[in-house]
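Peer 1: Structure file coords-v4.cif (mmCIF, N, CA and C atoms) right here:
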```cif
data_input
loop_
_atom_site.label_atom_id
_atom_site.label_comp_id
_atom_site.auth_asym_id
_atom_site.auth_seq_id
_atom_site.Cartn_x
_atom_site.Cartn_y
_atom_site.Cartn_z
N MET A 735 90.63 -27.57 118.27
CA MET A 735 91.52 -28.06 117.27
C MET A 735 90.69 -28.55 116.08
N PRO A 736 90.97 -28.04 114.87
CA PRO A 736 90.20 -28.44 113.69
C PRO A 736 90.51 -29.88 113.28
N ILE A 737 89.53 -30.51 112.69
CA ILE A 737 89.66 -31.91 112.28
C ILE A 737 90.65 -32.06 111.12
N SER A 738 90.66 -31.10 110.17
CA SER A 738 91.50 -31.23 108.99
C SER A 738 92.98 -31.28 109.33
N SER A 739 93.39 -30.62 110.39
CA SER A 739 94.81 -30.65 110.75
C SER A 739 95.18 -31.95 111.45
N ALA A 740 94.18 -32.66 111.99
CA ALA A 740 94.46 -33.88 112.71
C ALA A 740 94.79 -35.02 111.74
N ILE A 741 94.23 -34.99 110.51
CA ILE A 741 94.47 -36.06 109.55
C ILE A 741 95.68 -35.67 108.71
N LYS A 742 96.65 -36.56 108.70
CA LYS A 742 97.88 -36.29 108.00
C LYS A 742 97.65 -36.39 106.48
N GLY A 743 98.11 -35.43 105.73
CA GLY A 743 98.03 -35.46 104.28
C GLY A 743 96.73 -34.89 103.71
N LEU A 744 95.82 -34.41 104.54
CA LEU A 744 94.56 -33.87 104.04
C LEU A 744 94.78 -32.60 103.24
N GLN A 745 95.79 -31.83 103.56
CA GLN A 745 96.06 -30.60 102.83
C GLN A 745 96.59 -30.88 101.43
N SER A 746 97.16 -32.04 101.20
CA SER A 746 97.75 -32.35 99.91
C SER A 746 96.73 -32.94 98.92
N ILE A 747 95.51 -33.23 99.36
CA ILE A 747 94.49 -33.78 98.48
C ILE A 747 94.02 -32.69 97.53
N LYS A 748 94.00 -33.02 96.24
CA LYS A 748 93.58 -32.04 95.23
C LYS A 748 92.11 -32.27 94.90
N SER A 749 91.37 -31.23 94.92
CA SER A 749 89.97 -31.33 94.48
C SER A 749 89.94 -31.03 92.98
N MET A 750 88.81 -31.28 92.33
CA MET A 750 88.68 -31.05 90.89
C MET A 750 88.83 -29.57 90.55
N GLN A 751 88.54 -28.70 91.49
CA GLN A 751 88.69 -27.26 91.25
C GLN A 751 90.16 -26.87 91.16
N ASN A 752 91.00 -27.56 91.87
CA ASN A 752 92.42 -27.23 91.88
C ASN A 752 93.20 -27.91 90.76
N VAL A 753 92.63 -28.94 90.12
CA VAL A 753 93.33 -29.67 89.07
C VAL A 753 93.26 -28.88 87.78
N VAL A 754 94.39 -28.64 87.16
CA VAL A 754 94.46 -27.89 85.92
C VAL A 754 94.84 -28.81 84.76
N LYS A 755 95.31 -29.99 85.07
CA LYS A 755 95.76 -30.93 84.06
C LYS A 755 94.58 -31.49 83.28
N SER A 756 94.84 -31.84 82.05
CA SER A 756 93.82 -32.47 81.22
C SER A 756 93.64 -33.93 81.66
N GLY A 757 92.43 -34.43 81.49
CA GLY A 757 92.15 -35.81 81.85
C GLY A 757 92.87 -36.78 80.94
N VAL A 758 93.06 -36.40 79.65
CA VAL A 758 93.77 -37.24 78.69
C VAL A 758 95.15 -36.62 78.47
N PRO A 759 96.20 -37.30 78.84
CA PRO A 759 97.53 -36.74 78.64
C PRO A 759 97.87 -36.65 77.15
N MET A 760 98.54 -35.60 76.78
CA MET A 760 98.90 -35.38 75.37
C MET A 760 100.22 -36.08 75.10
N LYS A 761 100.19 -37.39 75.06
CA LYS A 761 101.38 -38.18 74.79
C LYS A 761 101.36 -38.65 73.35
N GLU A 762 102.39 -39.30 72.97
CA GLU A 762 102.50 -39.80 71.60
C GLU A 762 101.44 -40.86 71.32
N GLU A 763 101.07 -41.65 72.31
CA GLU A 763 100.08 -42.70 72.13
C GLU A 763 98.70 -42.11 71.81
N SER A 764 98.37 -40.98 72.41
CA SER A 764 97.05 -40.39 72.18
C SER A 764 96.93 -39.84 70.76
N ASP A 765 98.05 -39.53 70.10
CA ASP A 765 98.00 -39.08 68.70
C ASP A 765 97.53 -40.21 67.79
N PHE A 766 97.95 -41.42 68.06
CA PHE A 766 97.50 -42.56 67.26
C PHE A 766 96.01 -42.81 67.46
N ILE A 767 95.56 -42.65 68.68
CA ILE A 767 94.13 -42.81 68.96
C ILE A 767 93.32 -41.74 68.23
N LYS A 768 93.82 -40.51 68.27
CA LYS A 768 93.12 -39.42 67.57
C LYS A 768 93.10 -39.65 66.07
N LEU A 769 94.22 -40.11 65.52
CA LEU A 769 94.26 -40.41 64.09
C LEU A 769 93.27 -41.50 63.73
N TYR A 770 93.18 -42.52 64.56
CA TYR A 770 92.24 -43.61 64.32
C TYR A 770 90.80 -43.10 64.36
N LEU A 771 90.49 -42.32 65.38
CA LEU A 771 89.14 -41.79 65.51
C LEU A 771 88.79 -40.85 64.37
N PHE A 772 89.74 -40.01 63.98
CA PHE A 772 89.48 -39.10 62.85
C PHE A 772 89.28 -39.87 61.56
N GLU A 773 90.02 -40.95 61.36
CA GLU A 773 89.85 -41.78 60.16
C GLU A 773 88.48 -42.44 60.16
N LYS A 774 88.05 -42.94 61.31
CA LYS A 774 86.72 -43.54 61.43
C LYS A 774 85.64 -42.52 61.12
N GLU A 775 85.79 -41.33 61.68
CA GLU A 775 84.80 -40.27 61.44
C GLU A 775 84.80 -39.84 59.98
N ARG A 776 85.97 -39.78 59.37
CA ARG A 776 86.08 -39.39 57.96
C ARG A 776 85.37 -40.40 57.06
N THR A 777 85.59 -41.69 57.31
CA THR A 777 84.92 -42.70 56.49
C THR A 777 83.41 -42.68 56.70
N ARG A 778 82.98 -42.45 57.93
CA ARG A 778 81.53 -42.35 58.20
C ARG A 778 80.92 -41.17 57.47
N LEU A 779 81.61 -40.04 57.51
CA LEU A 779 81.10 -38.84 56.83
C LEU A 779 81.11 -39.01 55.30
N LYS A 780 82.12 -39.69 54.78
CA LYS A 780 82.16 -39.95 53.33
C LYS A 780 80.98 -40.82 52.92
N ASN A 781 80.70 -41.87 53.70
CA ASN A 781 79.56 -42.74 53.39
C ASN A 781 78.24 -41.97 53.47
N GLU A 782 78.13 -41.11 54.47
CA GLU A 782 76.92 -40.29 54.60
C GLU A 782 76.79 -39.33 53.42
N GLU A 783 77.90 -38.77 52.97
CA GLU A 783 77.89 -37.87 51.82
C GLU A 783 77.42 -38.61 50.56
N ILE A 784 77.90 -39.83 50.37
CA ILE A 784 77.49 -40.63 49.21
C ILE A 784 75.99 -40.88 49.24
N ARG A 785 75.48 -41.26 50.42
CA ARG A 785 74.03 -41.51 50.54
C ARG A 785 73.23 -40.24 50.26
N LEU A 786 73.71 -39.11 50.76
CA LEU A 786 73.00 -37.85 50.54
C LEU A 786 73.01 -37.45 49.07
N LEU A 787 74.13 -37.66 48.40
CA LEU A 787 74.22 -37.31 46.98
C LEU A 787 73.30 -38.19 46.15
N LEU A 788 73.21 -39.48 46.49
CA LEU A 788 72.28 -40.36 45.78
C LEU A 788 70.84 -39.92 46.00
N ARG A 789 70.52 -39.59 47.22
CA ARG A 789 69.16 -39.13 47.54
C ARG A 789 68.87 -37.81 46.82
N LEU A 790 69.86 -36.92 46.79
CA LEU A 790 69.69 -35.64 46.10
C LEU A 790 69.45 -35.85 44.62
N GLU A 791 70.15 -36.80 44.03
CA GLU A 791 69.97 -37.11 42.61
C GLU A 791 68.55 -37.60 42.34
N ILE A 792 68.04 -38.46 43.22
CA ILE A 792 66.67 -38.97 43.06
C ILE A 792 65.66 -37.84 43.19
N VAL A 793 65.86 -36.98 44.16
CA VAL A 793 64.93 -35.85 44.38
C VAL A 793 64.96 -34.90 43.19
N GLN A 794 66.15 -34.58 42.69
CA GLN A 794 66.25 -33.68 41.55
C GLN A 794 65.62 -34.28 40.30
N LYS A 795 65.78 -35.58 40.10
CA LYS A 795 65.18 -36.26 38.96
C LYS A 795 63.65 -36.17 39.04
N ARG A 796 63.10 -36.41 40.22
CA ARG A 796 61.65 -36.35 40.40
C ARG A 796 61.14 -34.92 40.21
N LEU A 797 61.87 -33.95 40.71
CA LEU A 797 61.47 -32.54 40.52
C LEU A 797 61.47 -32.18 39.04
N LYS A 798 62.44 -32.69 38.28
CA LYS A 798 62.49 -32.42 36.85
C LYS A 798 61.30 -33.06 36.14
N GLU A 799 60.93 -34.28 36.54
CA GLU A 799 59.76 -34.93 35.95
C GLU A 799 58.50 -34.12 36.21
N ILE A 800 58.34 -33.63 37.43
CA ILE A 800 57.17 -32.82 37.77
C ILE A 800 57.16 -31.53 36.97
N GLN A 801 58.32 -30.88 36.84
CA GLN A 801 58.40 -29.64 36.08
C GLN A 801 58.08 -29.87 34.61
N ASP A 802 58.60 -30.96 34.03
CA ASP A 802 58.30 -31.28 32.64
C ASP A 802 56.81 -31.52 32.44
N TYR A 803 56.18 -32.23 33.37
CA TYR A 803 54.74 -32.49 33.28
C TYR A 803 53.96 -31.18 33.36
N ASN A 804 54.36 -30.31 34.30
CA ASN A 804 53.67 -29.02 34.43
C ASN A 804 53.84 -28.17 33.18
N ASP A 805 55.03 -28.17 32.60
CA ASP A 805 55.26 -27.41 31.37
C ASP A 805 54.41 -27.95 30.23
N GLU A 806 54.34 -29.27 30.12
CA GLU A 806 53.56 -29.89 29.06
C GLU A 806 52.07 -29.55 29.20
N LYS A 807 51.56 -29.62 30.41
CA LYS A 807 50.15 -29.30 30.64
C LYS A 807 49.87 -27.82 30.46
N ALA A 808 50.82 -26.97 30.80
CA ALA A 808 50.63 -25.53 30.62
C ALA A 808 50.54 -25.19 29.13
N VAL A 809 51.36 -25.86 28.30
CA VAL A 809 51.32 -25.64 26.86
C VAL A 809 49.98 -26.10 26.30
N LEU A 810 49.49 -27.25 26.76
CA LEU A 810 48.21 -27.76 26.28
C LEU A 810 47.05 -26.87 26.71
N MET A 811 47.13 -26.30 27.89
CA MET A 811 46.05 -25.43 28.38
C MET A 811 46.03 -24.10 27.65
N ASN A 812 47.18 -23.65 27.21
CA ASN A 812 47.24 -22.36 26.53
C ASN A 812 46.89 -22.45 25.05
N GLN A 813 46.92 -23.65 24.48
CA GLN A 813 46.58 -23.81 23.07
C GLN A 813 45.07 -23.75 22.91
N PRO A 814 44.59 -23.20 21.76
CA PRO A 814 43.16 -23.22 21.51
C PRO A 814 42.68 -24.65 21.30
N GLU A 815 41.42 -24.87 21.60
CA GLU A 815 40.86 -26.22 21.48
C GLU A 815 40.91 -26.70 20.04
N LYS A 816 41.45 -27.87 19.84
CA LYS A 816 41.51 -28.47 18.51
C LYS A 816 40.60 -29.69 18.47
N SER A 817 39.45 -29.57 19.10
CA SER A 817 38.54 -30.71 19.16
C SER A 817 37.83 -30.88 17.82
N VAL A 818 37.28 -32.04 17.64
CA VAL A 818 36.56 -32.35 16.40
C VAL A 818 35.27 -31.54 16.38
N LYS A 819 35.05 -30.82 15.28
CA LYS A 819 33.84 -30.01 15.17
C LYS A 819 32.68 -30.92 14.83
N LYS A 820 31.56 -30.70 15.49
CA LYS A 820 30.37 -31.51 15.24
C LYS A 820 29.70 -31.02 13.97
N GLN A 821 29.33 -31.98 13.18
CA GLN A 821 28.62 -31.63 11.95
C GLN A 821 27.15 -31.46 12.28
N PRO A 822 26.52 -30.50 11.68
CA PRO A 822 25.10 -30.29 11.97
C PRO A 822 24.29 -31.48 11.46
N GLY A 823 23.25 -31.82 12.18
CA GLY A 823 22.37 -32.89 11.80
C GLY A 823 22.71 -34.22 12.43
N LYS A 824 23.86 -34.36 13.04
CA LYS A 824 24.22 -35.62 13.68
C LYS A 824 23.89 -35.53 15.16
N ASP A 825 23.40 -36.63 15.70
CA ASP A 825 23.09 -36.68 17.13
C ASP A 825 24.31 -37.14 17.92
N ASP A 826 24.24 -36.85 19.19
CA ASP A 826 25.29 -37.35 20.06
C ASP A 826 25.14 -38.84 20.32
N ALA A 827 24.00 -39.39 19.96
CA ALA A 827 23.74 -40.80 20.19
C ALA A 827 24.66 -41.69 19.34
N GLU A 828 25.19 -41.20 18.28
CA GLU A 828 26.07 -41.98 17.44
C GLU A 828 27.39 -42.29 18.14
N ASP A 829 27.73 -41.52 19.11
CA ASP A 829 28.97 -41.74 19.84
C ASP A 829 28.88 -42.94 20.77
N PHE A 830 27.66 -43.39 21.11
CA PHE A 830 27.48 -44.48 22.07
C PHE A 830 27.12 -45.76 21.34
N LYS A 831 27.58 -46.84 21.87
CA LYS A 831 27.24 -48.16 21.34
C LYS A 831 26.21 -48.77 22.28
N VAL A 832 25.13 -49.24 21.73
CA VAL A 832 24.04 -49.79 22.54
C VAL A 832 24.21 -51.29 22.61
N MET A 833 24.13 -51.81 23.83
CA MET A 833 24.23 -53.25 24.04
C MET A 833 23.10 -53.69 24.93
N SER A 834 22.61 -54.89 24.70
CA SER A 834 21.57 -55.43 25.56
C SER A 834 22.21 -56.25 26.67
N ILE A 835 21.63 -56.16 27.83
CA ILE A 835 22.15 -56.90 28.99
C ILE A 835 21.08 -57.89 29.42
N ASP A 836 21.45 -59.14 29.47
CA ASP A 836 20.53 -60.18 29.93
C ASP A 836 20.76 -60.43 31.40
N TYR A 837 19.64 -60.50 32.12
CA TYR A 837 19.74 -60.74 33.57
C TYR A 837 19.46 -62.16 33.89
#
```
Can the structure from this file be put into structure tokens for me?

Peer 2:
Amino acid sequence: MPISSAIKGLQSIKSMQNVVKSGVPMKEESDFIKLYLFEKERTRLKNEEIRLLLRLEIVQKRLKEIQDYNDEKAVLMNQPEKSVKKQPGKDDAEDFKVMSIDY
């Protein structure tokens, strides 16, 4: 004689494999919970979007500064040298100021 038939009601026990019902019943109360959770998630995502847009603005501003600097230096590098021409007969020593140092 099998043990399962000896215990009354053992055949009526449902295992998780036999259960088809959802764990959360789709009642009117669960709609309010879903609405609340969706509202919380929406506000969180909006705040995250604001932070990302601010960060994106800072990054784009910095990239523009770098591009402007690169453009400015590229123009200066492509221009011919406009340095002061040295006059013949002058030494480079005139460019330096001589000072005495006391120890």

Peer 1: Quick one: pull the distance between atom N of Lys774 (chain A) and atom C of Leu786 (chain A), Å, one decimal.

Peer 2: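 Interatomic distance, atom N of Lys774 (chain A) to atom C of Leu786 (chain A): 20.2 Å.
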
Peer 1: Atom C of Glu783 (chain A) and atom C of Leu771 (chain A) are how many Å apart?

Peer 2: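 According to the coordinates, atom C of Glu783 (chain A) and atom C of Leu771 (chain A) are separated by 18.0 Å.
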
Peer 1: Between atom C of Gln813 (chain A) and CA of Lys798 (chain A), what is the distance in Å, rounded to a tenth?

Peer 2: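 Interatomic distance here is 23.9 Å.
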